[in-house]
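A.B. asks: File follows, work.txt with compact mmCIF, C-alpha atoms:
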```txt
# COMPACT_ATOMS: atom_id res chain seq x y z
CA MET Y 1 -28.97 9.11 9.63
CA LEU Y 2 -27.55 11.45 12.26
CA HIS Y 3 -23.79 11.02 12.02
CA THR Y 4 -22.11 10.87 15.42
CA MET Y 5 -18.98 9.67 17.19
CA ARG Y 6 -18.33 8.57 20.72
CA TRP Y 7 -16.50 11.10 22.90
CA PHE Y 8 -15.19 10.23 26.35
CA GLY Y 9 -15.20 13.73 27.77
CA PRO Y 10 -12.58 16.38 28.50
CA HIS Y 11 -9.72 13.88 28.79
CA ASP Y 12 -10.43 12.18 25.46
CA PRO Y 13 -7.42 12.63 23.13
CA VAL Y 14 -9.97 13.02 20.30
CA SER Y 15 -11.37 16.53 20.55
CA LEU Y 16 -14.81 17.91 19.79
CA PHE Y 17 -13.25 19.79 16.87
CA ASP Y 18 -11.98 16.45 15.54
CA LEU Y 19 -15.59 15.23 15.59
CA ARG Y 20 -16.76 18.38 13.78
CA GLN Y 21 -14.13 17.97 11.09
CA ALA Y 22 -15.10 14.34 10.63
CA GLY Y 23 -18.60 15.47 9.68
CA CYS Y 24 -20.43 14.72 12.92
CA ALA Y 25 -23.48 16.63 14.07
CA GLY Y 26 -24.08 14.55 17.20
CA VAL Y 27 -21.94 13.46 20.14
CA VAL Y 28 -22.27 10.14 21.95
CA THR Y 29 -20.99 10.40 25.51
CA ALA Y 30 -21.64 9.64 29.17
CA LEU Y 31 -20.82 10.93 32.63
CA HIS Y 32 -17.99 8.45 33.17
CA GLN Y 33 -16.87 10.31 36.29
CA LEU Y 34 -19.99 9.26 38.22
CA PRO Y 35 -20.09 5.88 39.99
CA VAL Y 36 -22.30 3.17 38.50
CA GLY Y 37 -25.73 3.28 40.11
CA ALA Y 38 -25.62 6.95 41.11
CA VAL Y 39 -28.31 9.37 39.97
CA TRP Y 40 -27.12 11.62 37.16
CA PRO Y 41 -27.92 15.16 38.40
CA VAL Y 42 -29.34 17.75 36.04
CA ALA Y 43 -26.41 20.03 36.85
CA GLU Y 44 -23.86 17.45 35.68
CA ILE Y 45 -25.83 16.68 32.52
CA ALA Y 46 -26.23 20.35 31.67
CA ALA Y 47 -22.53 20.99 32.30
CA ARG Y 48 -21.61 18.29 29.78
CA GLN Y 49 -24.07 19.78 27.28
CA ARG Y 50 -22.53 23.25 27.70
CA LEU Y 51 -19.08 21.78 27.11
CA ILE Y 52 -20.21 20.07 23.90
CA GLU Y 53 -22.06 23.16 22.62
CA ALA Y 54 -19.51 25.78 23.71
CA ASP Y 55 -18.34 26.61 20.19
CA ASN Y 56 -21.65 26.18 18.39
CA ALA Y 57 -22.11 29.93 17.80
CA THR Y 58 -18.94 30.17 15.72
CA HIS Y 59 -18.48 26.66 14.31
CA ALA Y 60 -20.47 23.72 12.98
CA PRO Y 61 -22.91 22.90 15.79
CA LEU Y 62 -22.71 19.78 17.91
CA HIS Y 63 -25.19 18.44 20.44
CA TRP Y 64 -25.31 15.54 22.88
CA ALA Y 65 -27.39 13.11 20.87
CA VAL Y 66 -26.98 9.78 22.67
CA VAL Y 67 -26.03 8.64 26.15
CA GLU Y 68 -23.64 5.71 25.92
CA SER Y 69 -23.93 4.32 28.39
CA LEU Y 70 -26.17 4.79 31.39
CA PRO Y 71 -24.71 1.69 33.09
CA VAL Y 72 -26.79 -0.88 34.92
CA HIS Y 73 -25.55 -1.70 38.41
CA GLU Y 74 -24.37 -5.26 39.01
CA ASP Y 75 -26.93 -5.70 41.81
CA ILE Y 76 -29.68 -5.27 39.19
CA LYS Y 77 -28.06 -7.91 36.99
CA LYS Y 78 -27.74 -10.26 39.96
CA GLY Y 79 -31.29 -9.64 41.17
CA ARG Y 80 -30.19 -8.61 44.65
CA PRO Y 81 -32.51 -6.74 47.06
CA ALA Y 82 -30.53 -3.51 46.51
CA ARG Y 83 -31.70 -3.52 42.90
CA LYS Y 84 -34.91 -1.77 43.94
CA GLN Y 85 -33.03 1.40 44.90
CA TYR Y 86 -30.70 1.21 41.93
CA ILE Y 87 -33.69 0.92 39.58
CA GLU Y 88 -35.23 3.99 41.21
CA ASN Y 89 -31.93 5.80 40.68
CA TYR Y 90 -31.98 4.73 37.04
CA LYS Y 91 -35.47 6.15 36.59
CA ALA Y 92 -34.36 9.41 38.20
CA SER Y 93 -31.43 9.65 35.78
CA LEU Y 94 -33.78 9.08 32.85
CA ARG Y 95 -36.04 11.87 34.09
CA ASN Y 96 -33.08 14.22 34.45
CA LEU Y 97 -31.80 13.38 30.97
CA ALA Y 98 -35.26 14.00 29.50
CA ALA Y 99 -35.43 17.33 31.33
CA CYS Y 100 -32.24 18.30 29.49
CA GLY Y 101 -33.67 17.23 26.12
CA ILE Y 102 -31.70 13.99 25.65
CA ARG Y 103 -33.87 11.32 24.09
CA THR Y 104 -31.64 8.29 23.36
CA VAL Y 105 -30.06 6.18 26.09
CA CYS Y 106 -27.91 3.10 25.42
CA TYR Y 107 -27.20 0.43 28.05
CA ASN Y 108 -26.06 -3.19 28.23
CA PHE Y 109 -26.71 -6.19 30.49
CA MET Y 110 -23.43 -8.10 30.22
CA PRO Y 111 -22.25 -9.53 33.56
CA VAL Y 112 -18.94 -8.22 34.95
CA LEU Y 113 -17.15 -7.61 31.63
CA ASP Y 114 -18.77 -5.25 29.13
CA TRP Y 115 -16.68 -6.46 26.19
CA SER Y 116 -13.73 -8.80 25.69
CA ARG Y 117 -10.71 -8.87 23.39
CA THR Y 118 -7.35 -10.63 23.58
CA ASN Y 119 -5.33 -8.29 21.33
CA LEU Y 120 -5.69 -4.51 21.08
CA ARG Y 121 -3.00 -4.04 18.40
CA TYR Y 122 -3.56 -6.78 15.83
CA GLU Y 123 -1.67 -5.81 12.69
CA MET Y 124 -3.74 -5.67 9.52
CA PRO Y 125 -2.29 -6.21 6.01
CA ASP Y 126 -2.04 -2.44 5.49
CA GLY Y 127 -0.10 -1.92 8.74
CA SER Y 128 -3.00 -0.47 10.72
CA ARG Y 129 -3.94 -1.95 14.08
CA ALA Y 130 -7.25 -3.59 14.97
CA LEU Y 131 -8.95 -5.24 17.93
CA ARG Y 132 -8.98 -9.05 17.90
CA PHE Y 133 -10.43 -11.92 19.92
CA VAL Y 134 -8.75 -15.35 19.86
CA TRP Y 135 -10.52 -18.20 21.63
CA GLN Y 136 -7.32 -20.09 22.52
CA ASP Y 137 -5.71 -16.93 23.94
CA PHE Y 138 -8.79 -16.37 26.05
CA ALA Y 139 -8.53 -19.98 27.23
CA VAL Y 140 -4.93 -19.30 28.26
CA PHE Y 141 -6.13 -16.46 30.48
CA ASP Y 142 -9.03 -18.44 31.89
CA LEU Y 143 -7.21 -21.74 32.50
CA CYS Y 144 -3.65 -20.73 33.28
CA ILE Y 145 -3.69 -17.13 34.53
CA LEU Y 146 -7.03 -16.77 36.27
CA LYS Y 147 -7.19 -20.54 36.95
CA ARG Y 148 -10.97 -20.44 37.22
CA THR Y 149 -12.42 -23.54 38.87
CA GLY Y 150 -14.16 -25.76 36.34
CA ALA Y 151 -12.96 -23.74 33.34
CA GLU Y 152 -11.85 -26.89 31.52
CA THR Y 153 -15.47 -27.86 30.86
CA ASP Y 154 -16.01 -24.69 28.77
CA TYR Y 155 -13.37 -25.59 26.17
CA GLU Y 156 -12.73 -28.46 23.83
CA ALA Y 157 -10.02 -30.86 25.05
CA SER Y 158 -7.78 -29.84 22.16
CA VAL Y 159 -8.09 -26.17 23.12
CA VAL Y 160 -7.25 -26.95 26.77
CA ALA Y 161 -4.11 -28.84 25.74
CA ALA Y 162 -3.03 -26.17 23.26
CA ALA Y 163 -3.67 -23.37 25.75
CA ARG Y 164 -1.55 -25.02 28.44
CA GLN Y 165 1.26 -25.61 25.94
CA GLN Y 166 1.04 -21.98 24.78
CA PHE Y 167 1.15 -20.67 28.34
CA ALA Y 168 4.25 -22.70 29.14
CA ALA Y 169 6.11 -20.94 26.33
CA MET Y 170 4.95 -17.39 27.17
CA SER Y 171 7.24 -14.78 28.70
CA ALA Y 172 6.29 -12.78 31.78
CA ALA Y 173 5.68 -9.74 29.58
CA GLU Y 174 3.37 -11.71 27.29
CA ILE Y 175 1.41 -13.05 30.27
CA ALA Y 176 1.07 -9.54 31.70
CA GLY Y 177 -0.02 -8.18 28.33
CA LEU Y 178 -2.76 -10.77 27.89
CA THR Y 179 -3.94 -10.28 31.48
CA ASN Y 180 -4.15 -6.51 31.12
CA THR Y 181 -6.00 -6.79 27.82
CA VAL Y 182 -8.68 -9.16 29.13
CA LEU Y 183 -9.13 -7.15 32.35
CA LEU Y 184 -9.34 -3.80 30.58
CA GLY Y 185 -12.00 -1.57 32.10
CA LEU Y 186 -14.81 0.28 30.42
CA PRO Y 187 -13.95 2.56 27.48
CA GLY Y 188 -13.39 6.03 28.87
CA SER Y 189 -12.24 4.69 32.22
CA GLU Y 190 -8.66 4.63 33.44
CA GLU Y 191 -9.50 1.75 35.78
CA ALA Y 192 -9.20 -1.95 34.99
CA PHE Y 193 -10.18 -5.05 36.90
CA GLU Y 194 -7.59 -6.55 39.26
CA LEU Y 195 -6.68 -10.21 38.89
CA THR Y 196 -6.59 -10.59 42.67
CA ASN Y 197 -10.32 -9.96 43.10
CA PHE Y 198 -11.61 -10.86 39.66
CA GLN Y 199 -12.48 -14.46 40.58
CA GLY Y 200 -14.61 -13.12 43.41
CA LEU Y 201 -16.64 -11.06 40.94
CA LEU Y 202 -17.26 -14.18 38.86
CA ASP Y 203 -18.19 -16.22 41.92
CA GLU Y 204 -21.08 -13.86 42.62
CA TYR Y 205 -22.73 -15.23 39.47
CA ALA Y 206 -22.25 -18.88 40.40
CA ALA Y 207 -25.96 -19.41 41.03
CA ILE Y 208 -27.14 -17.22 38.13
CA ASP Y 209 -27.70 -19.13 34.90
CA ALA Y 210 -28.94 -17.72 31.60
CA GLU Y 211 -32.61 -17.92 32.55
CA ALA Y 212 -32.00 -16.21 35.89
CA LEU Y 213 -30.04 -13.42 34.20
CA ARG Y 214 -32.79 -13.10 31.58
CA ASP Y 215 -35.41 -12.84 34.34
CA ASN Y 216 -33.38 -10.06 35.97
CA LEU Y 217 -33.11 -8.24 32.66
CA HIS Y 218 -36.85 -8.53 32.05
CA HIS Y 219 -37.60 -7.32 35.59
CA PHE Y 220 -35.37 -4.30 34.98
CA ILE Y 221 -36.93 -3.43 31.63
CA ARG Y 222 -40.48 -3.79 32.97
CA GLN Y 223 -39.60 -1.20 35.59
CA VAL Y 224 -37.73 1.36 33.48
CA ALA Y 225 -39.13 1.10 29.93
CA PRO Y 226 -42.59 2.50 30.85
CA VAL Y 227 -40.84 5.49 32.42
CA ALA Y 228 -38.74 5.96 29.29
CA GLU Y 229 -41.93 5.70 27.21
CA GLU Y 230 -43.58 8.48 29.23
CA LEU Y 231 -40.48 10.66 28.86
CA GLY Y 232 -40.12 10.11 25.10
CA ILE Y 233 -36.77 8.37 25.54
CA GLY Y 234 -35.60 5.51 23.34
CA LEU Y 235 -33.94 3.06 25.73
CA CYS Y 236 -31.73 0.79 23.63
CA ILE Y 237 -29.84 -2.29 24.76
CA HIS Y 238 -26.44 -3.08 23.29
CA PRO Y 239 -25.92 -6.74 22.27
CA ASP Y 240 -23.37 -8.94 23.99
CA ASP Y 241 -19.78 -8.52 22.79
CA PRO Y 242 -18.82 -11.17 21.86
CA PRO Y 243 -22.26 -12.78 21.65
CA TYR Y 244 -21.62 -15.98 23.56
CA PRO Y 245 -20.85 -16.98 27.17
CA LEU Y 246 -17.38 -16.32 28.61
CA LEU Y 247 -15.75 -17.20 31.94
CA GLY Y 248 -18.78 -19.23 32.96
CA LEU Y 249 -20.96 -16.12 32.77
CA PRO Y 250 -24.29 -16.26 30.94
CA ARG Y 251 -25.15 -13.82 28.16
CA VAL Y 252 -28.71 -13.24 27.03
CA VAL Y 253 -28.63 -10.52 24.34
CA SER Y 254 -26.86 -12.39 21.56
CA THR Y 255 -29.49 -13.54 19.03
CA ALA Y 256 -32.72 -12.48 17.36
CA ASP Y 257 -34.60 -14.79 19.74
CA ASP Y 258 -33.03 -13.05 22.74
CA LEU Y 259 -34.17 -9.70 21.38
CA ALA Y 260 -37.68 -10.93 20.62
CA ARG Y 261 -38.06 -12.20 24.19
CA LEU Y 262 -36.80 -8.92 25.62
CA PHE Y 263 -39.18 -6.79 23.56
CA ALA Y 264 -42.09 -9.08 24.41
CA ALA Y 265 -41.28 -8.75 28.12
CA CYS Y 266 -42.29 -5.08 27.98
CA ASP Y 267 -44.02 -4.30 24.72
CA VAL Y 268 -43.57 -0.54 24.47
CA PRO Y 269 -41.65 1.26 21.70
CA ALA Y 270 -39.19 2.73 24.20
CA ASN Y 271 -37.88 -0.80 24.90
CA GLY Y 272 -35.48 -0.85 22.01
CA LEU Y 273 -32.17 -1.85 20.50
CA THR Y 274 -28.74 -0.43 19.83
CA PHE Y 275 -28.24 -2.24 16.54
CA CYS Y 276 -24.53 -3.13 16.63
CA THR Y 277 -23.54 -4.92 13.46
CA GLY Y 278 -20.14 -5.87 14.87
CA SER Y 279 -21.36 -7.59 18.01
CA LEU Y 280 -24.27 -9.41 16.37
CA GLY Y 281 -22.18 -10.10 13.28
CA VAL Y 282 -19.70 -12.27 15.15
CA ARG Y 283 -22.29 -15.07 15.07
CA ALA Y 284 -22.77 -16.62 11.64
CA ASP Y 285 -26.36 -17.54 12.57
CA ASN Y 286 -27.33 -13.88 13.02
CA ASP Y 287 -28.80 -12.62 9.72
CA LEU Y 288 -28.19 -8.89 10.17
CA PRO Y 289 -30.43 -7.51 7.38
CA ALA Y 290 -33.23 -9.80 8.59
CA ILE Y 291 -32.74 -8.64 12.19
CA ALA Y 292 -32.82 -5.03 11.02
CA ARG Y 293 -36.13 -5.69 9.25
CA GLN Y 294 -37.64 -7.70 12.11
CA PHE Y 295 -36.89 -5.12 14.78
CA ALA Y 296 -36.79 -1.97 12.64
CA SER Y 297 -39.26 -0.05 14.79
CA ARG Y 298 -37.28 -0.89 17.95
CA ILE Y 299 -33.93 0.37 16.65
CA HIS Y 300 -33.11 3.66 18.39
CA PHE Y 301 -29.35 3.81 17.84
CA VAL Y 302 -26.92 2.23 15.36
CA HIS Y 303 -23.31 1.06 15.65
CA LEU Y 304 -21.87 0.23 12.24
CA ARG Y 305 -18.72 -1.87 12.22
CA ALA Y 306 -17.70 -5.09 10.51
CA THR Y 307 -16.16 -8.06 12.26
CA LYS Y 308 -14.41 -10.84 10.38
CA ARG Y 309 -14.61 -14.43 11.56
CA GLU Y 310 -11.37 -16.35 11.09
CA GLU Y 311 -10.62 -20.01 10.33
CA ASN Y 312 -11.69 -20.87 13.85
CA PRO Y 313 -15.06 -19.07 13.81
CA ARG Y 314 -14.71 -18.21 17.52
CA ASN Y 315 -11.79 -16.00 16.51
CA PHE Y 316 -12.56 -12.64 14.96
CA HIS Y 317 -11.06 -9.23 14.34
CA GLU Y 318 -12.40 -5.81 13.48
CA ALA Y 319 -12.35 -5.48 9.69
CA ASP Y 320 -12.64 -2.35 7.57
CA HIS Y 321 -16.13 -0.90 7.86
CA LEU Y 322 -17.19 -2.02 4.39
CA ALA Y 323 -15.44 -5.40 4.59
CA GLY Y 324 -15.68 -8.35 6.96
CA ASP Y 325 -18.72 -10.56 7.37
CA VAL Y 326 -21.31 -7.78 7.55
CA ASP Y 327 -23.32 -7.04 4.40
CA MET Y 328 -23.13 -3.33 5.16
CA TYR Y 329 -25.00 -2.32 2.01
CA ALA Y 330 -28.00 -4.49 2.90
CA VAL Y 331 -27.98 -3.33 6.52
CA VAL Y 332 -27.77 0.40 5.74
CA ARG Y 333 -30.47 0.05 3.09
CA GLU Y 334 -32.82 -1.43 5.69
CA LEU Y 335 -32.04 1.42 8.07
CA VAL Y 336 -32.65 4.07 5.43
CA LEU Y 337 -35.96 2.43 4.54
CA GLU Y 338 -36.95 2.46 8.22
CA GLU Y 339 -36.18 6.18 8.44
CA GLN Y 340 -38.36 6.76 5.41
CA ARG Y 341 -41.18 4.74 6.99
CA ARG Y 342 -40.94 6.88 10.12
CA VAL Y 343 -41.16 10.05 8.05
CA ALA Y 344 -44.21 8.69 6.22
CA LYS Y 345 -45.87 7.90 9.56
CA GLY Y 346 -45.23 11.43 10.77
CA LEU Y 347 -43.20 10.32 13.79
CA SER Y 348 -41.59 13.14 15.75
CA ILE Y 349 -38.23 11.32 15.76
CA SER Y 350 -37.44 9.76 12.41
CA VAL Y 351 -33.65 10.06 12.18
CA LEU Y 352 -31.48 7.25 13.52
CA PRO Y 353 -28.28 8.33 15.29
CA MET Y 354 -25.38 6.29 13.91
CA ARG Y 355 -21.75 6.09 14.83
CA PRO Y 356 -18.85 4.24 13.17
CA ASP Y 357 -17.55 1.82 15.76
CA HIS Y 358 -14.06 0.53 16.52
CA GLY Y 359 -11.94 2.17 13.84
CA HIS Y 360 -8.44 0.93 13.11
CA GLN Y 361 -5.46 2.71 14.65
CA MET Y 362 -3.68 4.12 11.62
CA LEU Y 363 -1.45 6.88 10.23
CA ASP Y 364 -0.42 9.40 12.92
CA ASP Y 365 -2.63 7.69 15.49
CA LEU Y 366 -0.23 4.72 15.52
CA HIS Y 367 2.12 6.94 17.55
CA LYS Y 368 -0.48 8.32 19.96
CA LYS Y 369 -2.17 7.02 23.10
CA THR Y 370 -5.82 6.40 22.27
CA TYR Y 371 -8.71 4.43 23.72
CA PRO Y 372 -8.66 0.99 22.03
CA GLY Y 373 -10.96 1.12 19.02
CA TYR Y 374 -11.57 4.85 19.37
CA SER Y 375 -8.70 6.58 17.61
CA ALA Y 376 -9.69 9.54 15.43
CA ILE Y 377 -8.41 8.67 11.96
CA GLY Y 378 -9.73 5.11 11.77
CA ARG Y 379 -13.21 6.24 12.76
CA LEU Y 380 -12.95 9.18 10.34
CA ARG Y 381 -12.24 6.71 7.54
CA GLY Y 382 -15.13 4.52 8.64
CA LEU Y 383 -17.57 7.41 8.85
CA ALA Y 384 -16.51 8.68 5.43
CA GLU Y 385 -17.13 5.26 3.89
CA LEU Y 386 -20.46 4.84 5.64
CA ARG Y 387 -21.65 8.33 4.69
CA GLY Y 388 -20.82 7.60 1.07
CA LEU Y 389 -22.67 4.28 1.24
CA GLU Y 390 -25.72 5.94 2.77
CA TYR Y 391 -25.68 8.71 0.16
CA GLY Y 392 -25.52 6.19 -2.67
CA ILE Y 393 -28.39 4.16 -1.21
CA ARG Y 394 -30.56 7.25 -0.83
CA ARG Y 395 -29.88 8.33 -4.41
CA GLY Y 396 -30.64 4.84 -5.63
CA LEU Y 397 -33.93 4.69 -3.74
CA ALA Y 398 -34.87 8.13 -5.03
CA ALA Y 399 -34.23 6.97 -8.59
CA GLU Y 400 -36.55 4.00 -8.06
CA ALA Y 401 -39.38 6.23 -6.78
CA PRO Y 402 -42.08 7.94 -8.89
CA PRO Y 403 -40.88 11.17 -10.55
CA ALA Y 404 -42.44 13.57 -8.03
CA VAL Y 405 -40.93 11.71 -5.09
CA ARG Y 406 -37.64 11.34 -6.92
CA HIS Y 407 -37.26 15.09 -7.48
CA ALA Y 408 -38.10 15.82 -3.85
CA GLU Y 409 -35.59 13.26 -2.60
CA ILE Y 410 -32.80 14.56 -4.86
CA ALA Y 411 -33.53 18.14 -3.79
CA GLN Y 412 -33.27 17.09 -0.16
CA LEU Y 413 -29.96 15.34 -0.76
CA ALA Y 414 -28.58 18.41 -2.51
```
As structure tokens, what does this structure read like?

C.D. replies:
Amino acid sequence: MLHTMRWFGPHDPVSLFDLRQAGCAGVVTALHQLPVGAVWPVAEIAARQRLIEADNATHAPLHWAVVESLPVHEDIKKGRPARKQYIENYKASLRNLAACGIRTVCYNFMPVLDWSRTNLRYEMPDGSRALRFVWQDFAVFDLCILKRTGAETDYEASVVAAARQQFAAMSAAEIAGLTNTVLLGLPGSEEAFELTNFQGLLDEYAAIDAEALRDNLHHFIRQVAPVAEELGIGLCIHPDDPPYPLLGLPRVVSTADDLARLFAACDVPANGLTFCTGSLGVRADNDLPAIARQFASRIHFVHLRATKREENPRNFHEADHLAGDVDMYAVVRELVLEEQRRVAKGLSISVLPMRPDHGHQMLDDLHKKTYPGYSAIGRLRGLAELRGLEYGIRRGLAAEAPPAVRHAEIAQLA
């Protein structure tokens, strides 16, 4: 696999040299400075490429391997008349990215919030800090801080009672901390949602149920995937995080069935998947190795992280990359086998870009300001473990092959 890390641009406290020293050859980034829905100009794309490649002549080379993300405007998700222009803008951005040689574009279709956690500094047994989601804490925000109309129907009666009791005992600082965590903006952005207008954003989805949101997603993909196919771009959707409805908002990219329906809606190879083991792994009914096999040809990008469900299975935290509920060995083996199938078919793009996702904040990074989940050392540890796992799987597969193939595989690894 092509080993990469996410980089949030010039203001990221993790530098491009940090990525080099971690063993990365690819960079995953986006033009976060541009407003959602705007066309990404060639000049801006090329400027970011020059920044990434500036030291390639004298140091280990890096290149912009994956766009994460080219965001989808809310009017597209809501199916509003303005979506027509925003879809045309999206196509123009894809054309400009292809003109600059970028061939993998990640996006998501989650309404309003891209991802949700209730604790950004959950202490692990070794003293490192992880991201965590607690259902009752989220209910506290929804019921007692946001005070969303009708929220009580989304929670068990026992959770409603416990949340109200918990809120009554919270300090002002604790309430502010939970509010800020839930309303955190996109990674790479300094902006967060404001509580004062957040309910209004939710209200705009009042008439949009899961089937309506799915229809809007399928309309979008029918428009843009054929363009991506013509351009040789792998357009890959990121699963919902977490993979179930929140705040009364529908989510429609949470299960294997959701993915099958999306790929059937526009059956071209470019209509693909960002295979995120953490997001999909939160649900016990998602069989990750089976999903990897079922949609192997549609996987264009890989996020490897392990989430751990807790006693209440709606609660989870980010585990070590080789721990948690994800059978990482089985998943990576399926991905390696898919790469080998692509090589055997003679496909022009056979290597899957992979990044370690959501590393723990640890060691010196505990004393630094970092984007939640994206500190350097935790991701370095994760990438090191995942690279070792991949290497071992490749050596094992080579040993199982006929002698001629085995020698060629071992020579390649060396």

A.B. asks: So that I can check the surroundings of Ala130 of chain Y, please list as an mmCIF file with C-alpha atoms, in the frame of the given file every protein, DNA and RNA residue that reaches within 9 Å of it, counting all atoms listed in the file and ignoring chain neighbours fewer than 5 positions away.

C.D. replies:
```
data_model
loop_
_atom_site.group_PDB
_atom_site.id
_atom_site.type_symbol
_atom_site.label_atom_id
_atom_site.label_comp_id
_atom_site.auth_asym_id
_atom_site.auth_seq_id
_atom_site.Cartn_x
_atom_site.Cartn_y
_atom_site.Cartn_z
ATOM 1 C CA ASN Y 119 -5.330 -8.290 21.330
ATOM 2 C CA LEU Y 120 -5.690 -4.510 21.080
ATOM 3 C CA ARG Y 121 -3.000 -4.040 18.400
ATOM 4 C CA TYR Y 122 -3.560 -6.780 15.830
ATOM 5 C CA GLU Y 123 -1.670 -5.810 12.690
ATOM 6 C CA MET Y 124 -3.740 -5.670 9.520
ATOM 7 C CA HIS Y 317 -11.060 -9.230 14.340
ATOM 8 C CA GLU Y 318 -12.400 -5.810 13.480
ATOM 9 C CA ALA Y 319 -12.350 -5.480 9.690
ATOM 10 C CA HIS Y 358 -14.060 0.530 16.520
ATOM 11 C CA GLY Y 359 -11.940 2.170 13.840
ATOM 12 C CA HIS Y 360 -8.440 0.930 13.110
ATOM 13 C CA GLN Y 361 -5.460 2.710 14.650
ATOM 14 C CA PRO Y 372 -8.660 0.990 22.030
ATOM 15 C CA GLY Y 373 -10.960 1.120 19.020
#
```

A.B. asks: Could you state the separation of atom CA of Leu31 of chain Y and atom CA of Ala225 of chain Y in Å, given to one decimal place?

C.D. replies: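 One can read the atom CA of Leu31 of chain Y to atom CA of Ala225 of chain Y distance as 21.0 Å.
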
A.B. asks: Which polymer residues have any atom within 10 Å of an atom of Ala384 of chain Y, counting all atoms listed in the file, with same-chain residues fewer than 3 positions away left out, as an mmCIF file with C-alpha atoms, in the coordinates of the input?

C.D. replies:
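Output contents, as saved in out_1.cif:
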```cif
data_model
loop_
_atom_site.group_PDB
_atom_site.id
_atom_site.type_symbol
_atom_site.label_atom_id
_atom_site.label_comp_id
_atom_site.auth_asym_id
_atom_site.auth_seq_id
_atom_site.Cartn_x
_atom_site.Cartn_y
_atom_site.Cartn_z
ATOM 1 C CA ALA Y 22 -15.100 14.340 10.630
ATOM 2 C CA GLY Y 23 -18.600 15.470 9.680
ATOM 3 C CA HIS Y 321 -16.130 -0.900 7.860
ATOM 4 C CA PRO Y 356 -18.850 4.240 13.170
ATOM 5 C CA GLY Y 378 -9.730 5.110 11.770
ATOM 6 C CA ARG Y 379 -13.210 6.240 12.760
ATOM 7 C CA LEU Y 380 -12.950 9.180 10.340
ATOM 8 C CA ARG Y 381 -12.240 6.710 7.540
ATOM 9 C CA ARG Y 387 -21.650 8.330 4.690
ATOM 10 C CA GLY Y 388 -20.820 7.600 1.070
ATOM 11 C CA LEU Y 389 -22.670 4.280 1.240
ATOM 12 C CA GLU Y 390 -25.720 5.940 2.770
#
```

A.B. asks: Taking (-41.3, -6.4, 23.2) as a centre in this file's frame and 12 Å as the limit, can you find every polymer residue with an atom that close, using only C-alpha atoms, and give them as number ranges by chain?

C.D. replies: Y: 218, 221-222, 225-226, 236, 257-273, 294-295, 297-299

A.B. asks: Please, what distance in Å, to one decimal, runs between atom CA of Met170 of chain Y and atom CA of Lys147 of chain Y?

C.D. replies: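 About the pair atom CA of Met170 of chain Y and atom CA of Lys147 of chain Y: they are 15.9 Å apart.
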
A.B. asks: Given the choices Y:Arg395, Y:Leu337, Y:Gln136, Y:Lys368, which gets closest to Ala157 of chain Y if the distance is worked out from all atoms listed in the file?

C.D. replies: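 That would be Y:Gln136, the residue with the smallest distance to Ala157 of chain Y.
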
A.B. asks: How many Å separate atom CA of Pro402 of chain Y from atom CA of Val332 of chain Y?

C.D. replies: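 That distance, rounded to one decimal, is 21.8 Å.
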
A.B. asks: In terms of the shortest atom-to-atom distance over all atoms listed in the file, which of Y:Thr29, Y:Val224, Y:Thr4, Y:Ile52 is closest to Ala92 of chain Y?

C.D. replies: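 When distances to Ala92 of chain Y are compared using all atoms listed in the file, the smallest one comes from Y:Val224.
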
A.B. asks: Between Y:Arg355, Y:Leu16, Y:Pro125, Y:Val159, single out the one closest to His63 of chain Y, counting only C-alpha atoms.

C.D. replies: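 That would be Y:Leu16, the residue with the smallest distance to His63 of chain Y.
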
A.B. asks: Determine, using all atoms listed in the file, which residues of segment 80-180 of chain Y have any atom at most 12 Å from an atom of segment 69-73 of chain Y, and tabulate each with its shortest atom pair and distance in Å to one decimal place, rows ordered by chain and then rising number, as CSV.

C.D. replies:
```
residue,atom,partner,partner_atom,distance
Y:Arg80,CA,Y:His73,CA,10.4
Y:Ala82,CA,Y:His73,CA,9.7
Y:Arg83,CA,Y:His73,CA,7.8
Y:Lys84,CA,Y:His73,CA,10.9
Y:Gln85,CA,Y:His73,CA,10.4
Y:Tyr86,CA,Y:His73,CA,6.9
Y:Ile87,CA,Y:Val72,CA,8.5
Y:Glu88,CA,Y:His73,CA,11.6
Y:Asn89,CA,Y:His73,CA,10.1
Y:Tyr90,CA,Y:Val72,CA,7.9
Y:Lys91,CA,Y:Leu70,CA,10.7
Y:Ala92,CA,Y:Leu70,CA,11.6
Y:Ser93,CA,Y:Leu70,CA,8.4
Y:Leu94,CA,Y:Leu70,CA,8.9
Y:Leu97,CA,Y:Leu70,CA,10.3
Y:Thr104,CA,Y:Ser69,CA,10.0
Y:Val105,CA,Y:Leu70,CA,6.7
Y:Cys106,CA,Y:Ser69,CA,5.1
Y:Tyr107,CA,Y:Ser69,CA,5.1
Y:Asn108,CA,Y:Pro71,CA,7.0
Y:Phe109,CA,Y:Val72,CA,6.9
Y:Met110,CA,Y:Val72,CA,9.2
Y:Pro111,CA,Y:His73,CA,9.8
Y:Val112,CA,Y:His73,CA,9.9
Y:Asp114,CA,Y:Pro71,CA,10.0
```

A.B. asks: With only C-alpha atoms as the atoms that count, which of Y:Ala57, Y:Leu383, Y:Leu202, Y:Ile393 lies nearest to Arg6 of chain Y?

C.D. replies: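 The answer is Y:Leu383, which sits nearest to Arg6 of chain Y.
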
A.B. asks: Excluding segment 328-331 of chain Y and residues on its chain fewer than 4 positions from it, collect all residues at most 7 Å away from it, counting all atoms listed in the file, and give them as a list in words.

C.D. replies: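 The residues that qualify are Leu288, Pro289, Ala292, Leu322 and Leu335 of chain Y.
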